[in-house]
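J.: Sharing a structure, written as structure tokens. Questions coming.
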Amino acid sequence: MSYDSRYPAIEDLIKRAKRKIPRFAFEYLDGGCNEDVNLMRNTKEIREVQLIPQYLTKHTKSEMKTELFGHVYDAPFGIAPVGLQGLMWPKAPEILAQAAHEHNIPFILSTVTTMDIERASELTEGKAWFQLYHPADNQLRDDIIGRADAAGCSVLVLLCDVPTFGFRPRDIRNGLAMPPRMTLSNMLQIMGRPDWALRTLFHGQPNFTTMKPYMPKGLDMKQLGRYMDQTFSGRLNEEKIAPIRDMWKGKIVLKGVACESDAEKAVSLGLDGIIVSNHGGRQLDAGNSTIKPLKYIAEKYRDKLTVMMDSGIRSGPDIARSLASGADFTFLGRTFMYSVAALGSRGGDHAISLLKTQLQQVMEQVCCERIEDFPNFLDRVE
Ligand SMILES: Cc1cc2nc3c(=O)[nH]c(=O)nc-3n(C[C@H](O)[C@H](O)[C@H](O)COP(=O)(O)O)c2cc1C
């Protein structure tokens, strides 16, 4: 388990991913929404966070193991839920679930990715977390939650930031569909990426495996959009969360929190954690970066529930910046997918190993011995 020294930075992975996969798949992964303002704000503002090193302080060892919901993970970061992963690289969710398991970090399975709950559980020996898009129909909700429970998932992640699907010009231009539509442009893109094309042919067309038992067959993009709109009712609210709290015996995390009032509601509903997230800038282009609300949300709510964060993290130093700003734990979405798109089956191990190496270096540098000590090294002078 080690990183490939030919790709020591995210830019290397992005460059290679772009060369390896068709443009419609790369743009689906890489894009934010509207003009990508929020996407860029995430990466820009997290990098403005500065740490202060303490070189002469007595220091024995920096340890990045972190306890979260009763499990000790090897590192303070995990793999965020990403939909349609198999479109970007065949078997991408399987590659990431396996790598997460081997490295003992959490893997969150999206409701709408291309691997089902049961397979995720098999690959992680029951340690995968499951992210639920809330269905409009309660019977469907209960069935999916029942499967997650039967598969041994310990953490249920409720997504709250998709009251409407993001407005994504690149996907609209590309006519993004599952499976990819065979327009002339898409066919040319696929022909230009023979490795991706052959592997996709070999593994079969990706589909929404968790949702497959409930879906009508052969939907085109428009029909799929309509089906998704009808099936997932959009706006999450307290009335929808309360019965899930009652039925789910494990931990529940609310993902997509970007303000105090939603954090407050998570506390009053008895949830166990929140992920401060703006979906990687894919939903509200006019919104905040996540590092900004993280600071005040963590300060106010860290004693009441576990405060995690994603959106904009691309490196070990970014993980350190987020932890120093008050996060108990962090997640990354695109970084892992760029790595798999670039390096295939080695992509999961590569990205995790690289992030661990970079984070360890930051810890040694600032003299931080334990993950929970990171806030001591934050430069608070704005
Ligand atoms: C291509 C793509 C698909 C995503 N699909 C989902 C999803 O199905 N469910 C979900 O909760 N979040 C989804 N997200 C959001 C991620 O879980 C995470 O919040 C985001 O990627 C974090 O930002 P980052 O990419 O800058 O790390 C998706 C993100 C991307 C980039």
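Letters for chains follow the order of the structure tokens (A, B, ...), residue numbers begin at 1 for each chain, and ligand numbers begin at 1 in the order shown.
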Residues within 8 Å of ligand 1, counting only C-alpha atoms and all ligand atoms: report them as a ChimeraX atom specification.

T.: /A:28-32,39,42-43,80-85,110-113,131-133,157-159,255-256,277-282,310-314,331-335

J.: So that I can see what lies close to Leu378 of chain A, please list as a list in words the residues with an atom at most 6 Å from it, counting only C-alpha atoms and leaving out residues fewer than 2 positions away in the same chain.

T.: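 Final neighbour list, sorted by chain and number: Leu51, Ala324, Pro375, Asn376 and Arg380 of chain A.
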
J.: Just the residues within 9 Å of segment 7-10 of chain A, please, counting only C-alpha atoms, with nothing from its chain fewer than 3 positions along; format it as a VMD selection string.

T.: chain A and resid 3 to 4 13 to 15 314 to 315 335 338 to 339 350 to 351 354

J.: For the selection you just gave me, I'd like the residues written to a file as an mmCIF file, in the first residue's frame, keeping N, CA and C atoms.

T.:
```cif
data_model
loop_
_atom_site.group_PDB
_atom_site.id
_atom_site.type_symbol
_atom_site.label_atom_id
_atom_site.label_comp_id
_atom_site.auth_asym_id
_atom_site.auth_seq_id
_atom_site.Cartn_x
_atom_site.Cartn_y
_atom_site.Cartn_z
ATOM 1 N N TYR A 3 1.768 5.109 -2.490
ATOM 2 C CA TYR A 3 1.371 5.915 -3.641
ATOM 3 C C TYR A 3 2.387 5.787 -4.767
ATOM 4 N N ASP A 4 1.910 6.095 -5.971
ATOM 5 C CA ASP A 4 2.749 6.014 -7.162
ATOM 6 C C ASP A 4 3.444 7.368 -7.326
ATOM 7 N N LEU A 13 -3.246 13.735 -11.299
ATOM 8 C CA LEU A 13 -4.356 12.791 -11.461
ATOM 9 C C LEU A 13 -5.433 13.364 -12.380
ATOM 10 N N ILE A 14 -5.699 14.654 -12.214
ATOM 11 C CA ILE A 14 -6.716 15.298 -13.055
ATOM 12 C C ILE A 14 -6.290 15.238 -14.530
ATOM 13 N N LYS A 15 -5.010 15.558 -14.749
ATOM 14 C CA LYS A 15 -4.491 15.578 -16.126
ATOM 15 C C LYS A 15 -4.628 14.192 -16.758
ATOM 16 N N ARG A 314 -8.521 18.618 -1.367
ATOM 17 C CA ARG A 314 -7.784 17.985 -2.470
ATOM 18 C C ARG A 314 -6.439 17.399 -2.034
ATOM 19 N N SER A 315 -6.077 17.552 -0.746
ATOM 20 C CA SER A 315 -4.715 17.148 -0.340
ATOM 21 C C SER A 315 -4.648 16.952 1.172
ATOM 22 N N THR A 335 -11.539 13.890 -5.465
ATOM 23 C CA THR A 335 -10.129 13.452 -5.399
ATOM 24 C C THR A 335 -9.998 11.942 -5.635
ATOM 25 N N TYR A 338 -10.967 11.138 -9.339
ATOM 26 C CA TYR A 338 -9.910 11.486 -10.300
ATOM 27 C C TYR A 338 -8.854 10.383 -10.296
ATOM 28 N N SER A 339 -8.556 9.911 -9.096
ATOM 29 C CA SER A 339 -7.488 8.915 -8.965
ATOM 30 C C SER A 339 -7.874 7.598 -9.636
ATOM 31 N N HIS A 350 -3.811 4.405 -4.250
ATOM 32 C CA HIS A 350 -2.917 5.539 -4.514
ATOM 33 C C HIS A 350 -3.378 6.787 -3.768
ATOM 34 N N ALA A 351 -4.647 7.146 -3.955
ATOM 35 C CA ALA A 351 -5.141 8.401 -3.362
ATOM 36 C C ALA A 351 -5.083 8.340 -1.834
ATOM 37 N N LEU A 354 -1.441 8.515 -0.670
ATOM 38 C CA LEU A 354 -0.893 9.857 -0.882
ATOM 39 C C LEU A 354 -1.404 10.827 0.191
#
```

J.: In segment 94-303 of chain A, what's helix (DSSP H, G or I) per DSSP? Answer as a PyMOL selection string?

T.: chain A and resi 94-103+117-124+138-150+169-174+184-191+194-203+212-214+221-231+238-247+260-268+291-301

J.: Counting only C-alpha atoms, which residues of segment 258-291 of chain A sit at most 12 Å from some atom of segment 160-174 of chain A, and what is each one's closest atom pair with its distance in Å to one decimal, listed by chain and rising residue number, as a tab-separated table?

T.:
```
residue	atom	partner	partner_atom	distance
A:Ala258	CA	A:Asp161	CA	9.0
A:Cys259	CA	A:Asp161	CA	11.5
A:Asp262	CA	A:Cys160	CA	9.4
A:Ala263	CA	A:Cys160	CA	11.4
A:Lys265	CA	A:Cys160	CA	11.9
A:Ala266	CA	A:Cys160	CA	11.0
A:Ile274	CA	A:Cys160	CA	10.5
A:Ile275	CA	A:Cys160	CA	10.2
A:Val276	CA	A:Asp161	CA	10.5
A:Ser277	CA	A:Asp161	CA	8.5
A:Asn278	CA	A:Asp161	CA	7.2
A:His279	CA	A:Asp161	CA	7.3
A:Gly280	CA	A:Asp161	CA	10.9
A:Gly281	CA	A:Gly166	CA	9.2
A:Arg282	CA	A:Gly166	CA	5.9
A:Gln283	CA	A:Gly166	CA	4.4
A:Leu284	CA	A:Gly166	CA	7.2
A:Asp285	CA	A:Gly166	CA	9.0
A:Ala286	CA	A:Gly166	CA	11.9
A:Gly287	CA	A:Asp161	CA	11.6
```

J.: Select from segment 247-296 of chain A everything DSSP, run on the backbone, classes as strand (DSSP E), then give the selection as a PyMOL selection string.

T.: chain A and resi 251-257+273-276

J.: Convert the current residue selection to file output with N, CA and C atoms, as a CSV table (one decimal), in the first residue's frame.

T.:
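Just written: out.csv:
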```csv
chain,number,residue,atom,x,y,z
A,251,LYS,N,-26.1,4.8,13.7
A,251,LYS,CA,-25.9,6.2,13.7
A,251,LYS,C,-26.6,6.9,12.5
A,252,ILE,N,-27.0,8.1,12.7
A,252,ILE,CA,-27.5,8.9,11.5
A,252,ILE,C,-26.8,10.2,11.4
A,253,VAL,N,-26.4,10.5,10.2
A,253,VAL,CA,-25.6,11.7,9.8
A,253,VAL,C,-26.4,12.5,8.8
A,254,LEU,N,-26.5,13.8,9.0
A,254,LEU,CA,-27.2,14.7,8.1
A,254,LEU,C,-26.1,15.3,7.2
A,255,LYS,N,-26.2,15.1,5.9
A,255,LYS,CA,-25.1,15.6,5.0
A,255,LYS,C,-25.7,16.8,4.1
A,256,GLY,N,-24.9,17.8,4.0
A,256,GLY,CA,-25.4,19.0,3.3
A,256,GLY,C,-25.7,20.2,4.1
A,257,VAL,N,-25.2,20.1,5.4
A,257,VAL,CA,-25.5,21.2,6.3
A,257,VAL,C,-24.6,22.4,6.0
A,273,GLY,N,-24.5,13.0,13.9
A,273,GLY,CA,-23.5,13.8,13.2
A,273,GLY,C,-24.0,14.6,12.1
A,274,ILE,N,-23.2,15.5,11.6
A,274,ILE,CA,-23.5,16.3,10.4
A,274,ILE,C,-22.3,16.3,9.5
A,275,ILE,N,-22.5,16.4,8.2
A,275,ILE,CA,-21.4,16.7,7.3
A,275,ILE,C,-21.7,18.1,6.7
A,276,VAL,N,-20.8,19.1,7.2
A,276,VAL,CA,-20.9,20.4,6.6
A,276,VAL,C,-20.4,20.3,5.1
```

J.: To one decimal in Å, tell me the separation between atom CA of Ser325 of chain A and atom CA of Asn288 of chain A.

T.: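 If I compute the distance from atom CA of Ser325 of chain A to atom CA of Asn288 of chain A, I get 15.4 Å.
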
J.: Restricting the calculation to only C-alpha atoms: of A:Asn104, A:Ser322, A:Ser185, A:Gln205, which residue gets closest to Arg47 of chain A?

T.: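 When distances to Arg47 of chain A are compared using only C-alpha atoms, the smallest one comes from A:Ser322.
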
J.: Kindly provide the residues of segment 27-64 of chain A that approach segment 364-367 of chain A to within 7 Å, each paired with its closest atom pair and their distance in Å to one decimal, based on only C-alpha atoms, listed by chain and increasing number, as a tab-separated table.

T.:
```
residue	atom	partner	partner_atom	distance
A:Ile52	CA	A:Val366	CA	6.5
A:Pro53	CA	A:Val366	CA	3.8
A:Gln54	CA	A:Val366	CA	5.5
A:Tyr55	CA	A:Cys367	CA	6.8
A:His59	CA	A:Cys367	CA	6.3
A:Ser62	CA	A:Glu364	CA	6.2
```

J.: Pick the closest to Ser261 of chain A from A:Lys356, A:Lys300, A:His101, A:Arg245: which is it, counting only C-alpha atoms?

T.: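 Result for the nearest residue to Ser261 of chain A: A:Lys300.
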
J.: Name the residues in contact with Gln360 of chain A at a cut-off of 12 Å, using only C-alpha atoms, excluding same-chain residues fewer than 3 positions from it; report them as an mmCIF file with all heavy atoms, in the first residue's frame.

T.:
```
data_model
loop_
_atom_site.group_PDB
_atom_site.id
_atom_site.type_symbol
_atom_site.label_atom_id
_atom_site.label_comp_id
_atom_site.auth_asym_id
_atom_site.auth_seq_id
_atom_site.Cartn_x
_atom_site.Cartn_y
_atom_site.Cartn_z
ATOM 1 N N LYS A 61 5.317 11.589 18.820
ATOM 2 C CA LYS A 61 4.869 10.892 17.616
ATOM 3 C C LYS A 61 3.540 11.477 17.154
ATOM 4 O O LYS A 61 2.669 11.758 17.969
ATOM 5 C CB LYS A 61 4.688 9.402 17.974
ATOM 6 C CG LYS A 61 4.342 8.510 16.832
ATOM 7 C CD LYS A 61 4.357 7.047 17.296
ATOM 8 C CE LYS A 61 3.924 6.126 16.178
ATOM 9 N NZ LYS A 61 2.524 5.829 16.163
ATOM 10 N N SER A 62 3.381 11.626 15.853
ATOM 11 C CA SER A 62 2.087 12.077 15.326
ATOM 12 C C SER A 62 1.281 10.851 14.916
ATOM 13 O O SER A 62 1.763 10.016 14.143
ATOM 14 C CB SER A 62 2.302 12.977 14.105
ATOM 15 O OG SER A 62 2.883 14.191 14.514
ATOM 16 N N GLU A 63 0.066 10.770 15.425
ATOM 17 C CA GLU A 63 -0.775 9.583 15.201
ATOM 18 C C GLU A 63 -2.085 10.017 14.554
ATOM 19 O O GLU A 63 -2.812 10.823 15.128
ATOM 20 C CB GLU A 63 -1.039 8.932 16.570
ATOM 21 C CG GLU A 63 -2.004 7.776 16.539
ATOM 22 C CD GLU A 63 -1.534 6.650 15.624
ATOM 23 O OE1 GLU A 63 -0.501 6.031 15.925
ATOM 24 O OE2 GLU A 63 -2.191 6.420 14.578
ATOM 25 N N MET A 64 -2.367 9.485 13.367
ATOM 26 C CA MET A 64 -3.590 9.972 12.711
ATOM 27 C C MET A 64 -4.806 9.062 12.895
ATOM 28 O O MET A 64 -5.866 9.317 12.320
ATOM 29 C CB MET A 64 -3.333 10.291 11.241
ATOM 30 C CG MET A 64 -3.093 9.163 10.331
ATOM 31 S SD MET A 64 -3.062 9.780 8.635
ATOM 32 C CE MET A 64 -1.347 10.185 8.490
ATOM 33 N N LYS A 65 -4.663 8.013 13.691
ATOM 34 C CA LYS A 65 -5.846 7.182 13.978
ATOM 35 C C LYS A 65 -6.915 8.043 14.652
ATOM 36 O O LYS A 65 -6.594 8.897 15.484
ATOM 37 C CB LYS A 65 -5.471 6.023 14.907
ATOM 38 C CG LYS A 65 -4.776 4.867 14.226
ATOM 39 C CD LYS A 65 -4.727 3.674 15.151
ATOM 40 C CE LYS A 65 -3.760 2.612 14.709
ATOM 41 N NZ LYS A 65 -3.897 2.109 13.366
ATOM 42 N N ASP A 74 -8.060 4.413 10.586
ATOM 43 C CA ASP A 74 -6.612 4.651 10.470
ATOM 44 C C ASP A 74 -6.281 6.089 10.082
ATOM 45 O O ASP A 74 -5.128 6.500 10.176
ATOM 46 C CB ASP A 74 -5.997 3.701 9.416
ATOM 47 C CG ASP A 74 -5.747 2.325 10.020
ATOM 48 O OD1 ASP A 74 -6.135 2.126 11.195
ATOM 49 O OD2 ASP A 74 -5.181 1.458 9.326
ATOM 50 N N ALA A 75 -7.271 6.824 9.601
ATOM 51 C CA ALA A 75 -7.011 8.205 9.169
ATOM 52 C C ALA A 75 -8.290 9.026 9.335
ATOM 53 O O ALA A 75 -9.390 8.458 9.351
ATOM 54 C CB ALA A 75 -6.561 8.215 7.703
ATOM 55 N N PRO A 76 -8.166 10.357 9.440
ATOM 56 C CA PRO A 76 -9.345 11.188 9.695
ATOM 57 C C PRO A 76 -10.072 11.617 8.429
ATOM 58 O O PRO A 76 -10.584 12.723 8.352
ATOM 59 C CB PRO A 76 -8.748 12.402 10.410
ATOM 60 C CG PRO A 76 -7.401 12.539 9.784
ATOM 61 C CD PRO A 76 -6.926 11.157 9.464
ATOM 62 N N SER A 315 -6.077 17.552 -0.746
ATOM 63 C CA SER A 315 -4.715 17.148 -0.340
ATOM 64 C C SER A 315 -4.648 16.952 1.172
ATOM 65 O O SER A 315 -5.593 17.316 1.893
ATOM 66 C CB SER A 315 -3.739 18.272 -0.718
ATOM 67 O OG SER A 315 -4.029 19.426 0.070
ATOM 68 N N GLY A 316 -3.506 16.426 1.632
ATOM 69 C CA GLY A 316 -3.280 16.296 3.076
ATOM 70 C C GLY A 316 -3.333 17.645 3.787
ATOM 71 O O GLY A 316 -4.004 17.778 4.820
ATOM 72 N N PRO A 317 -2.646 18.669 3.259
ATOM 73 C CA PRO A 317 -2.748 19.981 3.901
ATOM 74 C C PRO A 317 -4.199 20.487 3.988
ATOM 75 O O PRO A 317 -4.579 21.117 4.975
ATOM 76 C CB PRO A 317 -1.896 20.881 2.990
ATOM 77 C CG PRO A 317 -0.871 19.953 2.426
ATOM 78 C CD PRO A 317 -1.582 18.637 2.237
ATOM 79 N N ILE A 319 -6.864 18.610 4.334
ATOM 80 C CA ILE A 319 -7.492 17.855 5.440
ATOM 81 C C ILE A 319 -7.088 18.509 6.763
ATOM 82 O O ILE A 319 -7.923 18.745 7.639
ATOM 83 C CB ILE A 319 -7.062 16.359 5.404
ATOM 84 C CG1 ILE A 319 -7.605 15.691 4.140
ATOM 85 C CG2 ILE A 319 -7.554 15.628 6.654
ATOM 86 C CD1 ILE A 319 -7.062 14.289 3.878
ATOM 87 N N ALA A 320 -5.806 18.837 6.887
ATOM 88 C CA ALA A 320 -5.316 19.490 8.107
ATOM 89 C C ALA A 320 -6.020 20.829 8.325
ATOM 90 O O ALA A 320 -6.404 21.168 9.452
ATOM 91 C CB ALA A 320 -3.805 19.703 7.997
ATOM 92 N N SER A 353 -3.163 6.456 0.080
ATOM 93 C CA SER A 353 -1.759 6.444 0.537
ATOM 94 C C SER A 353 -1.137 7.837 0.433
ATOM 95 O O SER A 353 -0.406 8.285 1.323
ATOM 96 C CB SER A 353 -0.921 5.473 -0.308
ATOM 97 O OG SER A 353 -1.447 4.185 -0.214
ATOM 98 N N LEU A 354 -1.441 8.515 -0.670
ATOM 99 C CA LEU A 354 -0.893 9.857 -0.882
ATOM 100 C C LEU A 354 -1.404 10.827 0.191
ATOM 101 O O LEU A 354 -0.627 11.584 0.794
ATOM 102 C CB LEU A 354 -1.301 10.339 -2.288
ATOM 103 C CG LEU A 354 -0.755 11.672 -2.761
ATOM 104 C CD1 LEU A 354 0.764 11.638 -2.857
ATOM 105 C CD2 LEU A 354 -1.336 12.025 -4.143
ATOM 106 N N LEU A 355 -2.703 10.797 0.441
ATOM 107 C CA LEU A 355 -3.286 11.703 1.440
ATOM 108 C C LEU A 355 -2.718 11.418 2.830
ATOM 109 O O LEU A 355 -2.419 12.340 3.591
ATOM 110 C CB LEU A 355 -4.814 11.565 1.452
ATOM 111 C CG LEU A 355 -5.542 12.070 0.197
ATOM 112 C CD1 LEU A 355 -7.005 11.633 0.199
ATOM 113 C CD2 LEU A 355 -5.449 13.594 0.077
ATOM 114 N N LYS A 356 -2.553 10.145 3.137
ATOM 115 C CA LYS A 356 -1.993 9.785 4.460
ATOM 116 C C LYS A 356 -0.566 10.321 4.594
ATOM 117 O O LYS A 356 -0.196 10.876 5.624
ATOM 118 C CB LYS A 356 -1.941 8.254 4.601
ATOM 119 C CG LYS A 356 -3.209 7.604 5.097
ATOM 120 C CD LYS A 356 -2.891 6.115 5.208
ATOM 121 C CE LYS A 356 -3.980 5.301 5.834
ATOM 122 N NZ LYS A 356 -3.695 3.851 5.664
ATOM 123 N N THR A 357 0.224 10.128 3.542
ATOM 124 C CA THR A 357 1.617 10.585 3.581
ATOM 125 C C THR A 357 1.680 12.099 3.758
ATOM 126 O O THR A 357 2.448 12.622 4.582
ATOM 127 C CB THR A 357 2.338 10.203 2.261
ATOM 128 O OG1 THR A 357 2.185 8.807 2.075
ATOM 129 C CG2 THR A 357 3.806 10.560 2.282
ATOM 130 N N MET A 363 1.391 16.942 10.069
ATOM 131 C CA MET A 363 1.331 16.743 11.534
ATOM 132 C C MET A 363 2.710 16.872 12.167
ATOM 133 O O MET A 363 2.889 17.518 13.198
ATOM 134 C CB MET A 363 0.719 15.370 11.866
ATOM 135 C CG MET A 363 -0.750 15.276 11.529
ATOM 136 S SD MET A 363 -1.493 13.710 12.000
ATOM 137 C CE MET A 363 -1.779 13.958 13.759
ATOM 138 N N GLU A 364 3.696 16.257 11.521
ATOM 139 C CA GLU A 364 5.078 16.330 12.036
ATOM 140 C C GLU A 364 5.572 17.773 11.982
ATOM 141 O O GLU A 364 6.254 18.259 12.875
ATOM 142 C CB GLU A 364 6.025 15.465 11.186
ATOM 143 C CG GLU A 364 5.645 14.001 11.069
ATOM 144 C CD GLU A 364 6.043 13.184 12.282
ATOM 145 O OE1 GLU A 364 6.723 13.732 13.170
ATOM 146 O OE2 GLU A 364 5.639 12.002 12.330
ATOM 147 N N GLN A 365 5.210 18.447 10.904
ATOM 148 C CA GLN A 365 5.695 19.798 10.682
ATOM 149 C C GLN A 365 5.177 20.778 11.742
ATOM 150 O O GLN A 365 5.940 21.551 12.310
ATOM 151 C CB GLN A 365 5.262 20.247 9.275
ATOM 152 C CG GLN A 365 5.806 21.553 8.808
ATOM 153 C CD GLN A 365 7.281 21.491 8.434
ATOM 154 O OE1 GLN A 365 7.802 20.428 8.152
ATOM 155 N NE2 GLN A 365 7.947 22.623 8.470
ATOM 156 N N VAL A 366 3.849 20.696 12.008
ATOM 157 C CA VAL A 366 3.308 21.669 12.972
ATOM 158 C C VAL A 366 3.462 21.191 14.415
ATOM 159 O O VAL A 366 3.210 21.943 15.342
ATOM 160 C CB VAL A 366 1.818 22.036 12.706
ATOM 161 C CG1 VAL A 366 1.649 22.739 11.393
ATOM 162 C CG2 VAL A 366 0.911 20.834 12.818
ATOM 163 N N CYS A 367 3.825 19.921 14.582
ATOM 164 C CA CYS A 367 3.996 19.363 15.924
ATOM 165 C C CYS A 367 2.659 18.949 16.536
ATOM 166 O O CYS A 367 2.401 19.129 17.726
ATOM 167 C CB CYS A 367 4.706 20.373 16.819
ATOM 168 S SG CYS A 367 5.377 19.621 18.292
ATOM 169 N N CYS A 368 1.779 18.399 15.693
ATOM 170 C CA CYS A 368 0.468 17.949 16.163
ATOM 171 C C CYS A 368 0.535 16.443 16.405
ATOM 172 O O CYS A 368 0.840 15.679 15.490
ATOM 173 C CB CYS A 368 -0.580 18.279 15.081
ATOM 174 S SG CYS A 368 -2.228 17.722 15.490
ATOM 175 N N GLU A 369 0.278 16.006 17.623
ATOM 176 C CA GLU A 369 0.417 14.576 17.928
ATOM 177 C C GLU A 369 -0.868 13.793 17.711
ATOM 178 O O GLU A 369 -0.841 12.616 17.401
ATOM 179 C CB GLU A 369 0.909 14.399 19.371
ATOM 180 C CG GLU A 369 2.329 14.929 19.530
ATOM 181 C CD GLU A 369 2.966 14.587 20.855
ATOM 182 O OE1 GLU A 369 2.254 14.158 21.781
ATOM 183 O OE2 GLU A 369 4.192 14.775 20.956
ATOM 184 N N ARG A 370 -2.018 14.452 17.932
ATOM 185 C CA ARG A 370 -3.293 13.747 17.789
ATOM 186 C C ARG A 370 -4.234 14.606 16.930
ATOM 187 O O ARG A 370 -4.193 15.837 16.999
ATOM 188 C CB ARG A 370 -3.950 13.526 19.162
ATOM 189 C CG ARG A 370 -3.090 12.717 20.126
ATOM 190 C CD ARG A 370 -3.703 12.727 21.513
ATOM 191 N NE ARG A 370 -4.148 14.065 21.882
ATOM 192 C CZ ARG A 370 -5.072 14.344 22.795
ATOM 193 N NH1 ARG A 370 -5.654 13.376 23.451
ATOM 194 N NH2 ARG A 370 -5.420 15.589 23.073
ATOM 195 N N ILE A 371 -5.085 13.937 16.178
ATOM 196 C CA ILE A 371 -5.992 14.641 15.264
ATOM 197 C C ILE A 371 -6.807 15.719 15.984
ATOM 198 O O ILE A 371 -6.984 16.832 15.475
ATOM 199 C CB ILE A 371 -6.929 13.613 14.570
ATOM 200 C CG1 ILE A 371 -6.120 12.741 13.594
ATOM 201 C CG2 ILE A 371 -8.096 14.281 13.865
ATOM 202 C CD1 ILE A 371 -5.372 13.485 12.515
#
```

J.: Report as a list in words all protein, DNA and RNA residues lying within 12 Å of Ser345 of chain A, evaluated on only C-alpha atoms, omitting residues in the same chain fewer than 3 positions from it.

T.: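 Skipping anything fewer than 3 positions along the chain leaves Trp89, Pro90, Lys91, Ala92, Pro93, Glu94, Ile95, Leu96, Ala97, Gln98, Ala99, Arg199, Phe336, Met337, Ser339, Val340, Ala341, Ala342, Gly348, Asp349, His350 and Ala351 of chain A.
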
J.: Excluding Ile105 of chain A and its own-chain neighbours fewer than 2 positions away, which residues fall within 6 Å of it when counting only C-alpha atoms? Please give them as an MDAnalysis selection string.

T.: chainID A and resid 73 78 100 103

J.: Could you jot down the atom CA of Ile352 of chain A to atom CA of Thr60 of chain A separation for me, Å, one decimal place?

T.: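 For atom CA of Ile352 of chain A relative to atom CA of Thr60 of chain A, the distance reads 24.3 Å.
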